[in-house]
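**Student:** What follows is structure-v3.pdb; its format and atoms are PDB, C-alpha atoms, pLDDT in the B column.
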ATOM      1  CA  MET A   1       9.170 -55.244   7.779  1.00 91.00           C
ATOM      2  CA  HIS A   2       9.750 -56.008  11.446  1.00 92.00           C
ATOM      3  CA  GLU A   3      12.963 -57.866  10.737  1.00 93.00           C
ATOM      4  CA  LEU A   4      14.207 -55.072   8.468  1.00 95.00           C
ATOM      5  CA  LEU A   5      13.502 -52.401  11.094  1.00 95.00           C
ATOM      6  CA  GLN A   6      15.276 -54.497  13.722  1.00 95.00           C
ATOM      7  CA  ASP A   7      18.295 -54.968  11.433  1.00 97.00           C
ATOM      8  CA  VAL A   8      18.560 -51.234  10.737  1.00 97.00           C
ATOM      9  CA  SER A   9      18.099 -50.445  14.430  1.00 97.00           C
ATOM     10  CA  GLN A  10      20.937 -52.824  15.334  1.00 97.00           C
ATOM     11  CA  GLU A  11      23.156 -51.280  12.661  1.00 97.00           C
ATOM     12  CA  PHE A  12      22.887 -47.840  14.303  1.00 98.00           C
ATOM     13  CA  ARG A  13      22.527 -48.831  17.957  1.00 97.00           C
ATOM     14  CA  LEU A  14      26.166 -48.188  18.915  1.00 97.00           C
ATOM     15  CA  GLU A  15      26.284 -44.841  17.102  1.00 97.00           C
ATOM     16  CA  ALA A  16      23.091 -43.756  18.876  1.00 98.00           C
ATOM     17  CA  GLU A  17      24.348 -44.976  22.270  1.00 97.00           C
ATOM     18  CA  ASN A  18      27.596 -43.048  21.786  1.00 97.00           C
ATOM     19  CA  LYS A  19      25.499 -39.899  21.439  1.00 96.00           C
ATOM     20  CA  ASN A  20      23.226 -40.933  24.352  1.00 98.00           C
ATOM     21  CA  ILE A  21      20.254 -41.204  21.978  1.00 98.00           C
ATOM     22  CA  LYS A  22      17.585 -43.809  22.620  1.00 98.00           C
ATOM     23  CA  LEU A  23      16.874 -45.722  19.400  1.00 98.00           C
ATOM     24  CA  GLY A  24      13.651 -47.721  19.603  1.00 97.00           C
ATOM     25  CA  ILE A  25      11.216 -49.672  17.498  1.00 96.00           C
ATOM     26  CA  ASP A  26       7.409 -49.497  17.644  1.00 94.00           C
ATOM     27  CA  LEU A  27       5.787 -52.478  15.948  1.00 87.00           C
ATOM     28  CA  ASP A  28       2.054 -51.766  15.750  1.00 75.00           C
ATOM     29  CA  THR A  29       1.081 -55.241  14.628  1.00 71.00           C
ATOM     30  CA  ASP A  30       2.294 -58.768  13.991  1.00 76.00           C
ATOM     31  CA  ASN A  31       4.975 -59.058  11.329  1.00 80.00           C
ATOM     32  CA  VAL A  32       3.733 -57.718   8.021  1.00 85.00           C
ATOM     33  CA  LEU A  33       4.921 -58.476   4.529  1.00 88.00           C
ATOM     34  CA  THR A  34       5.182 -55.849   1.859  1.00 92.00           C
ATOM     35  CA  VAL A  35       6.224 -55.648  -1.750  1.00 89.00           C
ATOM     36  CA  GLY A  36       9.493 -53.926  -2.623  1.00 92.00           C
ATOM     37  CA  ASP A  37      13.231 -54.230  -3.070  1.00 96.00           C
ATOM     38  CA  ILE A  38      14.537 -55.044   0.412  1.00 95.00           C
ATOM     39  CA  GLY A  39      17.998 -53.645  -0.297  1.00 97.00           C
ATOM     40  CA  LEU A  40      16.627 -50.326  -1.514  1.00 98.00           C
ATOM     41  CA  ILE A  41      14.137 -50.001   1.348  1.00 97.00           C
ATOM     42  CA  GLN A  42      16.970 -50.763   3.765  1.00 98.00           C
ATOM     43  CA  ARG A  43      18.929 -47.917   2.162  1.00 98.00           C
ATOM     44  CA  VAL A  44      15.927 -45.598   2.675  1.00 98.00           C
ATOM     45  CA  LEU A  45      15.774 -46.509   6.365  1.00 98.00           C
ATOM     46  CA  GLU A  46      19.536 -46.193   6.803  1.00 98.00           C
ATOM     47  CA  ASN A  47      19.550 -42.704   5.276  1.00 97.00           C
ATOM     48  CA  LEU A  48      16.619 -41.595   7.436  1.00 98.00           C
ATOM     49  CA  VAL A  49      18.131 -42.991  10.653  1.00 98.00           C
ATOM     50  CA  ARG A  50      21.569 -41.552   9.833  1.00 96.00           C
ATOM     51  CA  ASN A  51      19.974 -38.100   9.442  1.00 95.00           C
ATOM     52  CA  ALA A  52      17.934 -38.543  12.609  1.00 97.00           C
ATOM     53  CA  ILE A  53      21.095 -39.317  14.586  1.00 97.00           C
ATOM     54  CA  ARG A  54      22.919 -36.374  13.003  1.00 95.00           C
ATOM     55  CA  PHE A  55      20.183 -33.877  13.893  1.00 95.00           C
ATOM     56  CA  THR A  56      19.036 -35.236  17.263  1.00 97.00           C
ATOM     57  CA  PRO A  57      20.791 -33.766  20.302  1.00 96.00           C
ATOM     58  CA  VAL A  58      22.391 -35.771  23.080  1.00 96.00           C
ATOM     59  CA  GLY A  59      19.687 -37.397  25.176  1.00 96.00           C
ATOM     60  CA  GLY A  60      17.133 -37.428  22.357  1.00 97.00           C
ATOM     61  CA  ASN A  61      14.958 -40.206  20.982  1.00 98.00           C
ATOM     62  CA  ILE A  62      14.515 -41.869  17.598  1.00 98.00           C
ATOM     63  CA  VAL A  63      11.736 -44.369  16.878  1.00 98.00           C
ATOM     64  CA  LEU A  64      11.350 -46.601  13.840  1.00 98.00           C
ATOM     65  CA  SER A  65       7.758 -47.718  13.468  1.00 96.00           C
ATOM     66  CA  VAL A  66       5.577 -49.830  11.225  1.00 94.00           C
ATOM     67  CA  ALA A  67       1.786 -49.958  11.112  1.00 92.00           C
ATOM     68  CA  LYS A  68      -0.495 -52.161   9.047  1.00 91.00           C
ATOM     69  CA  ARG A  69      -3.252 -50.459   7.075  1.00 91.00           C
ATOM     70  CA  PRO A  70      -6.016 -52.198   5.066  1.00 91.00           C
ATOM     71  CA  THR A  71      -3.945 -52.272   1.851  1.00 91.00           C
ATOM     72  CA  SER A  72      -0.561 -50.909   2.872  1.00 93.00           C
ATOM     73  CA  VAL A  73       2.193 -50.774   5.438  1.00 93.00           C
ATOM     74  CA  THR A  74       3.174 -47.388   6.888  1.00 95.00           C
ATOM     75  CA  VAL A  75       6.803 -46.995   7.902  1.00 97.00           C
ATOM     76  CA  ALA A  76       8.026 -43.984   9.883  1.00 98.00           C
ATOM     77  CA  VAL A  77      11.226 -42.627  11.402  1.00 98.00           C
ATOM     78  CA  THR A  78      10.544 -40.078  14.143  1.00 98.00           C
ATOM     79  CA  ASP A  79      13.124 -38.077  16.089  1.00 98.00           C
ATOM     80  CA  THR A  80      13.273 -35.424  18.776  1.00 97.00           C
ATOM     81  CA  GLY A  81      15.847 -33.443  16.842  1.00 96.00           C
ATOM     82  CA  CYS A  82      16.175 -29.830  15.804  1.00 94.00           C
ATOM     83  CA  GLY A  83      13.303 -30.012  13.327  1.00 95.00           C
ATOM     84  CA  ILE A  84      12.940 -28.501   9.876  1.00 94.00           C
ATOM     85  CA  SER A  85      11.292 -25.172   9.121  1.00 93.00           C
ATOM     86  CA  ASP A  86       8.189 -25.091   6.920  1.00 94.00           C
ATOM     87  CA  GLU A  87      10.151 -23.093   4.351  1.00 93.00           C
ATOM     88  CA  GLU A  88      12.856 -25.741   4.064  1.00 93.00           C
ATOM     89  CA  ILE A  89      10.677 -28.878   3.888  1.00 93.00           C
ATOM     90  CA  PRO A  90       9.991 -28.519   0.122  1.00 92.00           C
ATOM     91  CA  LEU A  91      13.752 -28.203  -0.500  1.00 92.00           C
ATOM     92  CA  ILE A  92      15.209 -31.033   1.565  1.00 93.00           C
ATOM     93  CA  PHE A  93      14.767 -33.690  -1.150  1.00 93.00           C
ATOM     94  CA  ASN A  94      16.778 -31.663  -3.672  1.00 92.00           C
ATOM     95  CA  ARG A  95      20.219 -33.035  -4.438  1.00 89.00           C
ATOM     96  CA  TYR A  96      23.013 -31.351  -2.457  1.00 80.00           C
ATOM     97  CA  TYR A  97      20.588 -29.318  -0.362  1.00 80.00           C
ATOM     98  CA  GLN A  98      21.595 -28.973   3.267  1.00 75.00           C
ATOM     99  CA  ALA A  99      19.372 -27.446   5.920  1.00 68.00           C
ATOM    100  CA  LYS A 100      20.543 -24.167   7.360  1.00 62.00           C
ATOM    101  CA  ASP A 101      21.357 -25.450  10.822  1.00 54.00           C
ATOM    102  CA  GLU A 102      24.352 -23.672  12.272  1.00 45.00           C
ATOM    103  CA  ALA A 103      24.956 -26.383  14.886  1.00 50.00           C
ATOM    104  CA  ASN A 104      25.397 -28.981  12.121  1.00 49.00           C
ATOM    105  CA  ALA A 105      27.021 -26.761   9.496  1.00 44.00           C
ATOM    106  CA  TYR A 106      30.047 -29.049   9.384  1.00 44.00           C
ATOM    107  CA  SER A 107      28.249 -32.372   9.607  1.00 53.00           C
ATOM    108  CA  GLY A 108      30.170 -33.884   6.706  1.00 57.00           C
ATOM    109  CA  SER A 109      26.919 -34.541   4.857  1.00 65.00           C
ATOM    110  CA  SER A 110      26.897 -34.474   1.062  1.00 67.00           C
ATOM    111  CA  GLY A 111      23.252 -33.456   0.859  1.00 76.00           C
ATOM    112  CA  LEU A 112      22.371 -36.550  -1.191  1.00 90.00           C
ATOM    113  CA  GLY A 113      20.737 -38.797   1.422  1.00 92.00           C
ATOM    114  CA  LEU A 114      17.180 -37.477   1.187  1.00 95.00           C
ATOM    115  CA  ALA A 115      17.380 -37.146  -2.607  1.00 95.00           C
ATOM    116  CA  ILE A 116      18.276 -40.852  -2.714  1.00 96.00           C
ATOM    117  CA  VAL A 117      15.416 -41.655  -0.329  1.00 97.00           C
ATOM    118  CA  LYS A 118      12.935 -39.827  -2.557  1.00 97.00           C
ATOM    119  CA  ARG A 119      14.208 -41.494  -5.730  1.00 97.00           C
ATOM    120  CA  ILE A 120      14.013 -44.991  -4.223  1.00 97.00           C
ATOM    121  CA  LEU A 121      10.496 -44.377  -2.974  1.00 98.00           C
ATOM    122  CA  ASP A 122       9.506 -42.955  -6.376  1.00 97.00           C
ATOM    123  CA  LEU A 123      10.667 -46.252  -7.886  1.00 96.00           C
ATOM    124  CA  HIS A 124       8.327 -48.008  -5.443  1.00 96.00           C
ATOM    125  CA  ASP A 125       5.400 -45.684  -6.338  1.00 96.00           C
ATOM    126  CA  SER A 126       5.487 -44.355  -2.790  1.00 97.00           C
ATOM    127  CA  GLN A 127       5.568 -40.795  -1.542  1.00 96.00           C
ATOM    128  CA  ILE A 128       7.392 -39.654   1.551  1.00 97.00           C
ATOM    129  CA  THR A 129       5.773 -37.150   3.871  1.00 97.00           C
ATOM    130  CA  VAL A 130       7.499 -34.945   6.398  1.00 97.00           C
ATOM    131  CA  THR A 131       6.004 -33.560   9.576  1.00 97.00           C
ATOM    132  CA  SER A 132       8.291 -31.319  11.578  1.00 97.00           C
ATOM    133  CA  ARG A 133       8.419 -28.634  14.220  1.00 96.00           C
ATOM    134  CA  VAL A 134      11.550 -26.592  14.806  1.00 95.00           C
ATOM    135  CA  ASP A 135      13.207 -27.562  18.111  1.00 94.00           C
ATOM    136  CA  SER A 136      10.735 -30.451  18.582  1.00 95.00           C
ATOM    137  CA  GLY A 137      11.566 -33.089  16.003  1.00 97.00           C
ATOM    138  CA  THR A 138      10.658 -34.611  12.674  1.00 98.00           C
ATOM    139  CA  THR A 139       8.772 -37.588  11.284  1.00 98.00           C
ATOM    140  CA  PHE A 140       9.454 -39.050   7.847  1.00 98.00           C
ATOM    141  CA  GLU A 141       6.729 -41.461   6.755  1.00 98.00           C
ATOM    142  CA  PHE A 142       6.060 -43.582   3.670  1.00 98.00           C
ATOM    143  CA  GLU A 143       3.777 -46.415   2.622  1.00 96.00           C
ATOM    144  CA  LEU A 144       4.387 -49.635   0.758  1.00 96.00           C
ATOM    145  CA  PRO A 145       1.723 -52.027  -0.553  1.00 94.00           C
ATOM    146  CA  LEU A 146       0.692 -54.810   1.757  1.00 91.00           C
ATOM    147  CA  PHE A 147       1.584 -58.231   0.403  1.00 87.00           C
ATOM    148  CA  GLN A 148      -1.646 -60.111  -0.192  1.00 75.00           C
ATOM    149  CA  GLN A 149      -1.201 -63.876  -0.229  1.00 56.00           C
ATOM    150  CA  ALA A 150      -3.380 -65.798  -2.633  1.00 43.00           C
ATOM    151  CA  ALA A 151      -6.191 -67.618  -0.866  1.00 43.00           C
TER     152      ALA A 151
END
What do you get writing this file as structure tokens?

**Tutor:**
Amino acid sequence: MHELLQDVSQEFRLEAENKNIKLGIDLDTDNVLTVGDIGLIQRVLENLVRNAIRFTPVGGNIVLSVAKRPTSVTVAVTDTGCGISDEEIPLIFNRYYQAKDEANAYSGSSGLGLAIVKRILDLHDSQITVTSRVDSGTTFEFELPLFQQAA
């Protein structure tokens, strides 16, 4: 997971720098292995980081993090963006849904990114959780099974 987070971070580093956003990584533990389709999980992270950049103001922060649990790996993307209202959180994973944020009304988004994220994580038997406060930021978090090597 560490290498994947670093790859995704590198992919968006220039875009974040152009918006004066600090894009960081928080690796809670030594490198951890998980079970999943690396290409699809990369797509999940790319969609989450792309949204974080879109909705984080100039001078904000985005952190990609991974933490090892007893039987799983928790992956999170946290930003200091505009946040999502409690009323909108249940709707954001619907296809074509776009948050009612006047500042980003013309963001060029299709409203499919989070629907794709949810579908990919469903295929991995993982749920995504959202914690958000308007004008303070958002955290998207999901878990994948920890790869257990045979002894």

**Student:** Counting only C-alpha atoms, which of A:Phe142, A:Leu33, A:Met1, A:Ile25 gets nearest to A:Leu121?

**Tutor:**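 For A:Leu121, the nearest of the candidates is A:Phe142.
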
**Student:** Work out how far apart atom CA of A:Val35 and atom CA of A:Leu146 are and give it in Å to one decimal.

**Tutor:** 6.6 Å

**Student:** Record the distance separating atom CA of A:Leu144 and atom CA of A:Gly36, expressed in Å with one decimal.

**Tutor:**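 For atom CA of A:Leu144 relative to atom CA of A:Gly36, the distance reads 7.5 Å.
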
**Student:** Rank A:Phe140, A:Leu4, A:Ile92, A:Asp135 by their smallest atom-to-atom distance to A:Leu40, using all atoms listed in the file, and report the top residue only.

**Tutor:**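 Answer, going by the shortest atom-to-atom distance: A:Leu4.
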
**Student:** To one decimal in Å, tell me the separation between atom CA of A:Asp125 and atom CA of A:Gly24.

**Tutor:**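 Distance reported for this atom pair: 27.3 Å.
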
**Student:** Go through the shown structure with the PyMOL selection byres ((chain A and resi 6-17) around 12) and write out the matching residues as a VMD selection string.

**Tutor:** chain A and resid 1 to 5 18 to 27 31 38 to 39 41 to 66 77 79

**Student:** Take the PyMOL selection byres ((chain A and resi 115) around 12), apply it to the structure above, and return the hits as a VMD selection string.

**Tutor:** chain A and resid 43 to 44 47 to 48 90 to 98 110 to 114 116 to 122 128

**Student:** Those residues with C-alpha atoms, as a compact mmCIF listing (two decimals), in the frame of the given file please?

**Tutor:**
# COMPACT_ATOMS: atom_id res chain seq x y z
CA ARG A 43 18.93 -47.92 2.16
CA VAL A 44 15.93 -45.60 2.68
CA ASN A 47 19.55 -42.70 5.28
CA LEU A 48 16.62 -41.60 7.44
CA PRO A 90 9.99 -28.52 0.12
CA LEU A 91 13.75 -28.20 -0.50
CA ILE A 92 15.21 -31.03 1.56
CA PHE A 93 14.77 -33.69 -1.15
CA ASN A 94 16.78 -31.66 -3.67
CA ARG A 95 20.22 -33.03 -4.44
CA TYR A 96 23.01 -31.35 -2.46
CA TYR A 97 20.59 -29.32 -0.36
CA GLN A 98 21.60 -28.97 3.27
CA SER A 110 26.90 -34.47 1.06
CA GLY A 111 23.25 -33.46 0.86
CA LEU A 112 22.37 -36.55 -1.19
CA GLY A 113 20.74 -38.80 1.42
CA LEU A 114 17.18 -37.48 1.19
CA ILE A 116 18.28 -40.85 -2.71
CA VAL A 117 15.42 -41.66 -0.33
CA LYS A 118 12.94 -39.83 -2.56
CA ARG A 119 14.21 -41.49 -5.73
CA ILE A 120 14.01 -44.99 -4.22
CA LEU A 121 10.50 -44.38 -2.97
CA ASP A 122 9.51 -42.96 -6.38
CA ILE A 128 7.39 -39.65 1.55

**Student:** Which residues match the PyMOL selection byres ((chain A and resi 134) around 12) in the file above, as a PyMOL selection string?

**Tutor:** chain A and resi 55-56+79-89+99-101+131-133+135-139

**Student:** For the residues in that selection, give me C-alpha atoms as a JSON list (two decimals), keeping the file's coordinate frame.

**Tutor:**
[["chain", "number", "residue", "atom", "x", "y", "z"],
["A", 55, "PHE", "CA", 20.18, -33.88, 13.89],
["A", 56, "THR", "CA", 19.04, -35.24, 17.26],
["A", 79, "ASP", "CA", 13.12, -38.08, 16.09],
["A", 80, "THR", "CA", 13.27, -35.42, 18.78],
["A", 81, "GLY", "CA", 15.85, -33.44, 16.84],
["A", 82, "CYS", "CA", 16.18, -29.83, 15.80],
["A", 83, "GLY", "CA", 13.30, -30.01, 13.33],
["A", 84, "ILE", "CA", 12.94, -28.50, 9.88],
["A", 85, "SER", "CA", 11.29, -25.17, 9.12],
["A", 86, "ASP", "CA", 8.19, -25.09, 6.92],
["A", 87, "GLU", "CA", 10.15, -23.09, 4.35],
["A", 88, "GLU", "CA", 12.86, -25.74, 4.06],
["A", 89, "ILE", "CA", 10.68, -28.88, 3.89],
["A", 99, "ALA", "CA", 19.37, -27.45, 5.92],
["A", 100, "LYS", "CA", 20.54, -24.17, 7.36],
["A", 101, "ASP", "CA", 21.36, -25.45, 10.82],
["A", 131, "THR", "CA", 6.00, -33.56, 9.58],
["A", 132, "SER", "CA", 8.29, -31.32, 11.58],
["A", 133, "ARG", "CA", 8.42, -28.63, 14.22],
["A", 135, "ASP", "CA", 13.21, -27.56, 18.11],
["A", 136, "SER", "CA", 10.74, -30.45, 18.58],
["A", 137, "GLY", "CA", 11.57, -33.09, 16.00],
["A", 138, "THR", "CA", 10.66, -34.61, 12.67],
["A", 139, "THR", "CA", 8.77, -37.59, 11.28]]

**Student:** Taking all listed atoms of stretch 4-21 of chain A, build the axis-aligned box, pad each of the six sides by 8 Å, then write its centre and edge lengths in Å to one decimal as AutoDock Vina command-line options.

**Tutor:**
--center_x 20.5 --center_y -47.5 --center_z 16.4 --size_x 30.1 --size_y 31.2 --size_z 31.9

**Student:** May I ask you to restore N, CA, C and O atoms in stretch 75-97 of chain A and write the result as a CSV table (one decimal), in the frame of the given file?

**Tutor:**
chain,number,residue,atom,x,y,z
A,75,VAL,N,5.5,-47.0,7.2
A,75,VAL,CA,6.8,-47.0,7.9
A,75,VAL,C,7.2,-45.6,8.2
A,75,VAL,O,7.0,-44.7,7.4
A,76,ALA,N,7.7,-45.3,9.5
A,76,ALA,CA,8.0,-44.0,9.9
A,76,ALA,C,9.3,-44.0,10.7
A,76,ALA,O,9.6,-45.0,11.4
A,77,VAL,N,10.1,-42.9,10.6
A,77,VAL,CA,11.2,-42.6,11.4
A,77,VAL,C,11.0,-41.3,12.0
A,77,VAL,O,10.8,-40.3,11.4
A,78,THR,N,10.9,-41.3,13.4
A,78,THR,CA,10.5,-40.1,14.1
A,78,THR,C,11.7,-39.8,15.1
A,78,THR,O,12.2,-40.7,15.7
A,79,ASP,N,12.1,-38.5,15.2
A,79,ASP,CA,13.1,-38.1,16.1
A,79,ASP,C,12.7,-36.9,16.9
A,79,ASP,O,11.7,-36.2,16.6
A,80,THR,N,13.5,-36.6,17.9
A,80,THR,CA,13.3,-35.4,18.8
A,80,THR,C,14.4,-34.4,18.5
A,80,THR,O,14.9,-33.7,19.4
A,81,GLY,N,14.7,-34.3,17.2
A,81,GLY,CA,15.8,-33.4,16.8
A,81,GLY,C,15.5,-32.0,16.7
A,81,GLY,O,14.4,-31.5,17.2
A,82,CYS,N,16.3,-31.3,15.9
A,82,CYS,CA,16.2,-29.8,15.8
A,82,CYS,C,15.0,-29.4,14.9
A,82,CYS,O,14.6,-28.3,15.0
A,83,GLY,N,14.4,-30.3,14.2
A,83,GLY,CA,13.3,-30.0,13.3
A,83,GLY,C,13.7,-29.3,12.1
A,83,GLY,O,14.9,-28.9,11.9
A,84,ILE,N,12.7,-29.1,11.2
A,84,ILE,CA,12.9,-28.5,9.9
A,84,ILE,C,11.9,-27.4,9.7
A,84,ILE,O,10.7,-27.7,10.0
A,85,SER,N,12.3,-26.3,9.3
A,85,SER,CA,11.3,-25.2,9.1
A,85,SER,C,10.4,-25.5,7.9
A,85,SER,O,10.7,-26.2,7.0
A,86,ASP,N,9.2,-24.9,8.0
A,86,ASP,CA,8.2,-25.1,6.9
A,86,ASP,C,8.7,-24.6,5.6
A,86,ASP,O,8.4,-25.2,4.5
A,87,GLU,N,9.6,-23.6,5.6
A,87,GLU,CA,10.2,-23.1,4.4
A,87,GLU,C,11.1,-24.1,3.7
A,87,GLU,O,11.3,-24.1,2.5
A,88,GLU,N,11.8,-24.8,4.6
A,88,GLU,CA,12.9,-25.7,4.1
A,88,GLU,C,12.3,-27.1,3.7
A,88,GLU,O,13.0,-27.8,2.8
A,89,ILE,N,11.2,-27.5,4.2
A,89,ILE,CA,10.7,-28.9,3.9
A,89,ILE,C,10.6,-29.1,2.4
A,89,ILE,O,11.0,-30.2,1.9
A,90,PRO,N,10.1,-28.2,1.6
A,90,PRO,CA,10.0,-28.5,0.1
A,90,PRO,C,11.4,-28.7,-0.5
A,90,PRO,O,11.5,-29.2,-1.6
A,91,LEU,N,12.4,-28.2,0.1
A,91,LEU,CA,13.8,-28.2,-0.5
A,91,LEU,C,14.6,-29.4,-0.1
A,91,LEU,O,15.6,-29.7,-0.8
A,92,ILE,N,14.3,-30.1,1.0
A,92,ILE,CA,15.2,-31.0,1.6
A,92,ILE,C,15.5,-32.3,0.7
A,92,ILE,O,16.4,-33.0,0.9
A,93,PHE,N,14.6,-32.5,-0.3
A,93,PHE,CA,14.8,-33.7,-1.2
A,93,PHE,C,15.5,-33.3,-2.4
A,93,PHE,O,15.8,-34.2,-3.3
A,94,ASN,N,15.9,-32.1,-2.5
A,94,ASN,CA,16.8,-31.7,-3.7
A,94,ASN,C,18.2,-32.1,-3.5
A,94,ASN,O,18.7,-32.1,-2.3
A,95,ARG,N,18.8,-32.6,-4.5
A,95,ARG,CA,20.2,-33.0,-4.4
A,95,ARG,C,21.1,-31.9,-3.9
A,95,ARG,O,20.9,-30.7,-4.3
A,96,TYR,N,22.0,-32.2,-3.0
A,96,TYR,CA,23.0,-31.4,-2.5
A,96,TYR,C,22.5,-30.3,-1.5
A,96,TYR,O,23.2,-29.5,-1.0
A,97,TYR,N,21.2,-30.3,-1.3
A,97,TYR,CA,20.6,-29.3,-0.4
A,97,TYR,C,20.9,-29.7,1.1
A,97,TYR,O,20.8,-30.9,1.4
